[in-house]
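Have a look at the structure below, then the notes.
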Amino acid sequence: MTSSRGVDPVAPESADELFLTAEEHEAVREAVRTVAGSRGTRRPQTLNSLLEQWNELVDEVEEGYGWSAPELSDDLGCRTALARLWRLLPPRVRAVRQRELDESDRRFRSATVDCPGHDDQEGLWWLRRVPRRLDAETTGRSAHGWPLGWEVMAFPKPEAVEITDWGAAGGSAS
């Protein structure tokens with residue numbers, strides 16, 4: 001949602017809209033420009049669009065991620081951009097939006113499992129997690145049990161990862 005001045009409103013603060021000062025608006029825009037740019041899209045990114053991308057990806061991972069490991073890595077770019085952006089935002093903006101980011105992060109952690117051998121508490125933790133549910137188009141598996149597109153994973157598929165084979169009759173799970 002964009003205001004009549006063409007700026008990206010940050011988010012509601014309780015029941016009232018959060019109104020940013022001109023300096024805060026400029027600081028948010030500059031932080032986004034510095035970190036995200038257009039991220040390969042036709043239109044420039046905003047704080048809201050990055051948070052929406054993250055939330056939409058979390059929704060997709062919760063439902064069952066149907067793309068490959070390299071695609072997931074690319075899709076996670078929105079969360080990486082948010083991490084870089086967060087420290088550049090004005091304190092009041094961070095404070096208001098922190099709950100939203102924390103909730104999406106919590107949901108992502110719940111819908112994923114740690115990659116074996118990686119400490120989840122280190123920076124960029126979202127890059128070291130695998131969706132609990134993968135929707136595969138084929139029944140083919142790598143030597144480590146991953147579906148095609150995930151064979152780049154250098155460790156065996158964790159038991160907690162369910163693979164739904166959409167290529168099999170009726171979409172059986174393994």
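As shown in the structure tokens, the chain order sets the letters A, B, ...; within each chain, residues go from 1, and ligands are also counted from 1 in the order they appear.
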
Contacts of segment 162-165 of chain A at 10 Å or less, counting only C-alpha atoms, minus same-chain residues fewer than 6 places along, as JSON, numbers by chain?
{"A": [64, 65, 66, 131, 132, 133, 134, 135, 136, 137, 138, 139, 140, 145, 146, 147, 171, 172, 173, 174]}

Quick one: write out the picked residues with all heavy atoms as a tab-separated table (two decimals), in the first residue's frame?
chain	number	residue	atom	x	y	z
A	64	GLY	N	4.21	-26.85	1.53
A	64	GLY	CA	5.02	-27.84	0.82
A	64	GLY	C	5.75	-27.15	-0.31
A	64	GLY	O	5.13	-26.71	-1.27
A	65	TYR	N	7.06	-27.05	-0.18
A	65	TYR	CA	7.86	-26.33	-1.17
A	65	TYR	C	8.04	-27.18	-2.41
A	65	TYR	O	8.50	-28.31	-2.33
A	65	TYR	CB	9.21	-25.94	-0.57
A	65	TYR	CG	9.96	-24.94	-1.41
A	65	TYR	CD1	9.59	-23.60	-1.42
A	65	TYR	CD2	11.02	-25.34	-2.22
A	65	TYR	CE1	10.25	-22.68	-2.20
A	65	TYR	CE2	11.69	-24.42	-2.99
A	65	TYR	CZ	11.31	-23.10	-2.99
A	65	TYR	OH	11.97	-22.18	-3.78
A	66	GLY	N	7.67	-26.65	-3.57
A	66	GLY	CA	7.68	-27.42	-4.81
A	66	GLY	C	8.79	-27.10	-5.77
A	66	GLY	O	8.78	-27.58	-6.90
A	131	PRO	N	12.98	-27.29	4.15
A	131	PRO	CA	11.53	-27.46	4.39
A	131	PRO	C	11.21	-28.87	4.88
A	131	PRO	O	11.79	-29.85	4.42
A	131	PRO	CB	10.91	-27.20	3.01
A	131	PRO	CG	11.91	-26.33	2.32
A	131	PRO	CD	13.25	-26.82	2.79
A	132	ARG	N	10.27	-28.95	5.81
A	132	ARG	CA	9.81	-30.24	6.32
A	132	ARG	C	9.03	-31.01	5.26
A	132	ARG	O	8.93	-32.22	5.31
A	132	ARG	CB	8.90	-30.05	7.54
A	132	ARG	CG	9.63	-29.65	8.78
A	132	ARG	CD	8.66	-29.58	9.96
A	132	ARG	NE	9.34	-29.06	11.12
A	132	ARG	CZ	10.08	-29.79	11.94
A	132	ARG	NH1	10.22	-31.08	11.72
A	132	ARG	NH2	10.68	-29.24	12.97
A	133	ARG	N	8.44	-30.27	4.32
A	133	ARG	CA	7.64	-30.91	3.28
A	133	ARG	C	8.11	-30.40	1.92
A	133	ARG	O	8.07	-29.21	1.65
A	133	ARG	CB	6.16	-30.59	3.47
A	133	ARG	CG	5.32	-31.26	2.43
A	133	ARG	CD	3.85	-31.16	2.73
A	133	ARG	NE	3.14	-31.84	1.67
A	133	ARG	CZ	1.98	-31.45	1.21
A	133	ARG	NH1	1.38	-30.42	1.75
A	133	ARG	NH2	1.41	-32.10	0.24
A	134	LEU	N	8.52	-31.35	1.09
A	134	LEU	CA	8.94	-31.04	-0.28
A	134	LEU	C	7.95	-31.68	-1.24
A	134	LEU	O	7.64	-32.87	-1.12
A	134	LEU	CB	10.34	-31.57	-0.56
A	134	LEU	CG	11.47	-31.00	0.28
A	134	LEU	CD1	12.78	-31.72	-0.04
A	134	LEU	CD2	11.61	-29.51	0.04
A	135	ASP	N	7.43	-30.91	-2.17
A	135	ASP	CA	6.55	-31.43	-3.21
A	135	ASP	C	7.41	-31.69	-4.44
A	135	ASP	O	7.91	-30.75	-5.06
A	135	ASP	CB	5.44	-30.43	-3.53
A	135	ASP	CG	4.44	-30.29	-2.40
A	135	ASP	OD1	4.36	-31.22	-1.56
A	135	ASP	OD2	3.75	-29.26	-2.33
A	136	ALA	N	7.60	-32.96	-4.78
A	136	ALA	CA	8.44	-33.35	-5.91
A	136	ALA	C	7.58	-33.76	-7.08
A	136	ALA	O	6.50	-34.31	-6.90
A	136	ALA	CB	9.37	-34.49	-5.50
A	137	GLU	N	8.08	-33.53	-8.29
A	137	GLU	CA	7.35	-33.92	-9.50
A	137	GLU	C	7.73	-35.31	-9.96
A	137	GLU	O	7.18	-35.80	-10.94
A	137	GLU	CB	7.62	-32.91	-10.61
A	137	GLU	CG	7.04	-31.56	-10.34
A	137	GLU	CD	7.24	-30.60	-11.50
A	137	GLU	OE1	7.57	-31.05	-12.61
A	137	GLU	OE2	7.06	-29.40	-11.28
A	138	THR	N	8.67	-35.93	-9.31
A	138	THR	CA	9.16	-37.23	-9.73
A	138	THR	C	9.44	-38.11	-8.52
A	138	THR	O	9.65	-37.60	-7.42
A	138	THR	CB	10.44	-37.08	-10.58
A	138	THR	OG1	10.91	-38.37	-10.95
A	138	THR	CG2	11.52	-36.36	-9.82
A	139	THR	N	9.45	-39.40	-8.74
A	139	THR	CA	9.77	-40.33	-7.65
A	139	THR	C	11.26	-40.59	-7.55
A	139	THR	O	11.72	-41.26	-6.63
A	139	THR	CB	9.03	-41.67	-7.84
A	139	THR	OG1	9.40	-42.23	-9.10
A	139	THR	CG2	7.53	-41.48	-7.76
A	140	GLY	N	12.05	-40.08	-8.52
A	140	GLY	CA	13.49	-40.28	-8.51
A	140	GLY	C	14.14	-39.67	-7.27
A	140	GLY	O	13.70	-38.63	-6.77
A	145	GLY	N	18.77	-39.68	-0.76
A	145	GLY	CA	17.33	-39.70	-0.54
A	145	GLY	C	16.59	-38.44	-0.93
A	145	GLY	O	15.38	-38.34	-0.73
A	146	TRP	N	17.29	-37.47	-1.53
A	146	TRP	CA	16.66	-36.21	-1.93
A	146	TRP	C	15.99	-36.36	-3.29
A	146	TRP	O	16.49	-37.07	-4.15
A	146	TRP	CB	17.70	-35.10	-2.00
A	146	TRP	CG	18.27	-34.74	-0.68
A	146	TRP	CD1	19.49	-35.10	-0.21
A	146	TRP	CD2	17.67	-33.95	0.33
A	146	TRP	NE1	19.69	-34.59	1.05
A	146	TRP	CE2	18.57	-33.87	1.41
A	146	TRP	CE3	16.44	-33.31	0.45
A	146	TRP	CZ2	18.29	-33.18	2.57
A	146	TRP	CZ3	16.17	-32.60	1.62
A	146	TRP	CH2	17.08	-32.55	2.66
A	147	PRO	N	14.90	-35.65	-3.53
A	147	PRO	CA	14.29	-35.66	-4.87
A	147	PRO	C	15.17	-34.87	-5.84
A	147	PRO	O	16.05	-34.12	-5.42
A	147	PRO	CB	12.94	-34.97	-4.66
A	147	PRO	CG	13.13	-34.10	-3.47
A	147	PRO	CD	14.14	-34.81	-2.59
A	171	GLY	N	-0.15	-38.90	-6.00
A	171	GLY	CA	0.71	-38.09	-5.16
A	171	GLY	C	1.04	-38.74	-3.86
A	171	GLY	O	0.69	-38.25	-2.79
A	172	SER	N	1.70	-39.88	-3.85
A	172	SER	CA	2.04	-40.58	-2.60
A	172	SER	C	3.21	-39.92	-1.90
A	172	SER	O	4.06	-39.33	-2.52
A	172	SER	CB	2.37	-42.04	-2.90
A	172	SER	OG	3.53	-42.12	-3.71
A	173	ALA	N	3.25	-40.04	-0.61
A	173	ALA	CA	4.32	-39.44	0.19
A	173	ALA	C	5.34	-40.51	0.53
A	173	ALA	O	5.03	-41.69	0.64
A	173	ALA	CB	3.76	-38.85	1.48
A	174	SER	N	6.61	-40.07	0.69
A	174	SER	CA	7.65	-41.01	1.10
A	174	SER	C	8.46	-40.43	2.22
A	174	SER	O	8.40	-39.29	2.52
A	174	SER	CB	8.54	-41.37	-0.07
A	174	SER	OG	9.15	-40.26	-0.65

Close residues, Leu51 of chain A itself excluded, 12 Å, only C-alpha atoms, min 3 positions apart in chain, as a VMD selection string:
chain A and resid 10 to 11 32 45 to 48 54 to 58 76 to 83 85 to 86 97 to 105

Run DSSP on the backbone and grab whatever in segment 18-165 of chain A lands in strand (DSSP E or B); send it over as a VMD selection string.
chain A and resid 65 112 to 114 129 to 131 133 to 136 141 147 162 to 165

For the residues in the current selection, export C-alpha atoms as a CSV table (one decimal), in the first residue's frame.
chain,number,residue,atom,x,y,z
A,65,TYR,CA,7.9,-26.3,-1.2
A,112,THR,CA,11.8,-26.4,8.4
A,113,VAL,CA,14.5,-28.5,10.0
A,114,ASP,CA,18.1,-27.7,10.6
A,129,ARG,CA,17.3,-25.0,7.1
A,130,VAL,CA,15.3,-27.4,4.8
A,131,PRO,CA,11.5,-27.5,4.4
A,133,ARG,CA,7.6,-30.9,3.3
A,134,LEU,CA,8.9,-31.0,-0.3
A,135,ASP,CA,6.6,-31.4,-3.2
A,136,ALA,CA,8.4,-33.3,-5.9
A,141,ARG,CA,15.9,-39.9,-5.5
A,147,PRO,CA,14.3,-35.7,-4.9
A,162,GLU,CA,8.5,-35.5,4.0
A,163,ILE,CA,8.6,-35.8,0.2
A,164,THR,CA,5.2,-35.8,-1.6
A,165,ASP,CA,5.6,-37.3,-5.1

Near segment 68-75 of chain A, counting only C-alpha atoms, which residues have an atom at most 8 Å away, once you skip same-chain residues fewer than 3 positions from it, shown as a compact mmCIF listing (two decimals) with N, CA and C atoms, in the first residue's frame?
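What follows is the written file part-v9.txt:
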# COMPACT_ATOMS: atom_id res chain seq x y z
N LEU A 57 6.80 -16.60 1.13
CA LEU A 57 7.68 -17.76 1.06
C LEU A 57 7.42 -18.70 2.24
N CYS A 78 15.11 -12.62 -0.02
CA CYS A 78 14.32 -11.58 0.64
C CYS A 78 14.61 -11.54 2.13
N LEU A 127 19.33 -19.84 5.93
CA LEU A 127 20.00 -20.50 4.82
C LEU A 127 20.44 -21.92 5.17
N LEU A 148 14.90 -35.05 -7.13
CA LEU A 148 15.62 -34.29 -8.13
C LEU A 148 15.46 -32.79 -7.85
N GLY A 149 16.55 -32.06 -7.99
CA GLY A 149 16.55 -30.64 -7.65
C GLY A 149 17.09 -30.38 -6.26
N TRP A 150 17.18 -31.43 -5.47
CA TRP A 150 17.70 -31.31 -4.11
C TRP A 150 18.96 -32.16 -3.91
N VAL A 152 21.82 -31.60 -4.58
CA VAL A 152 22.97 -30.78 -4.19
C VAL A 152 23.20 -30.80 -2.68
N MET A 153 22.23 -31.31 -1.94
CA MET A 153 22.37 -31.38 -0.49
C MET A 153 23.43 -32.43 -0.17
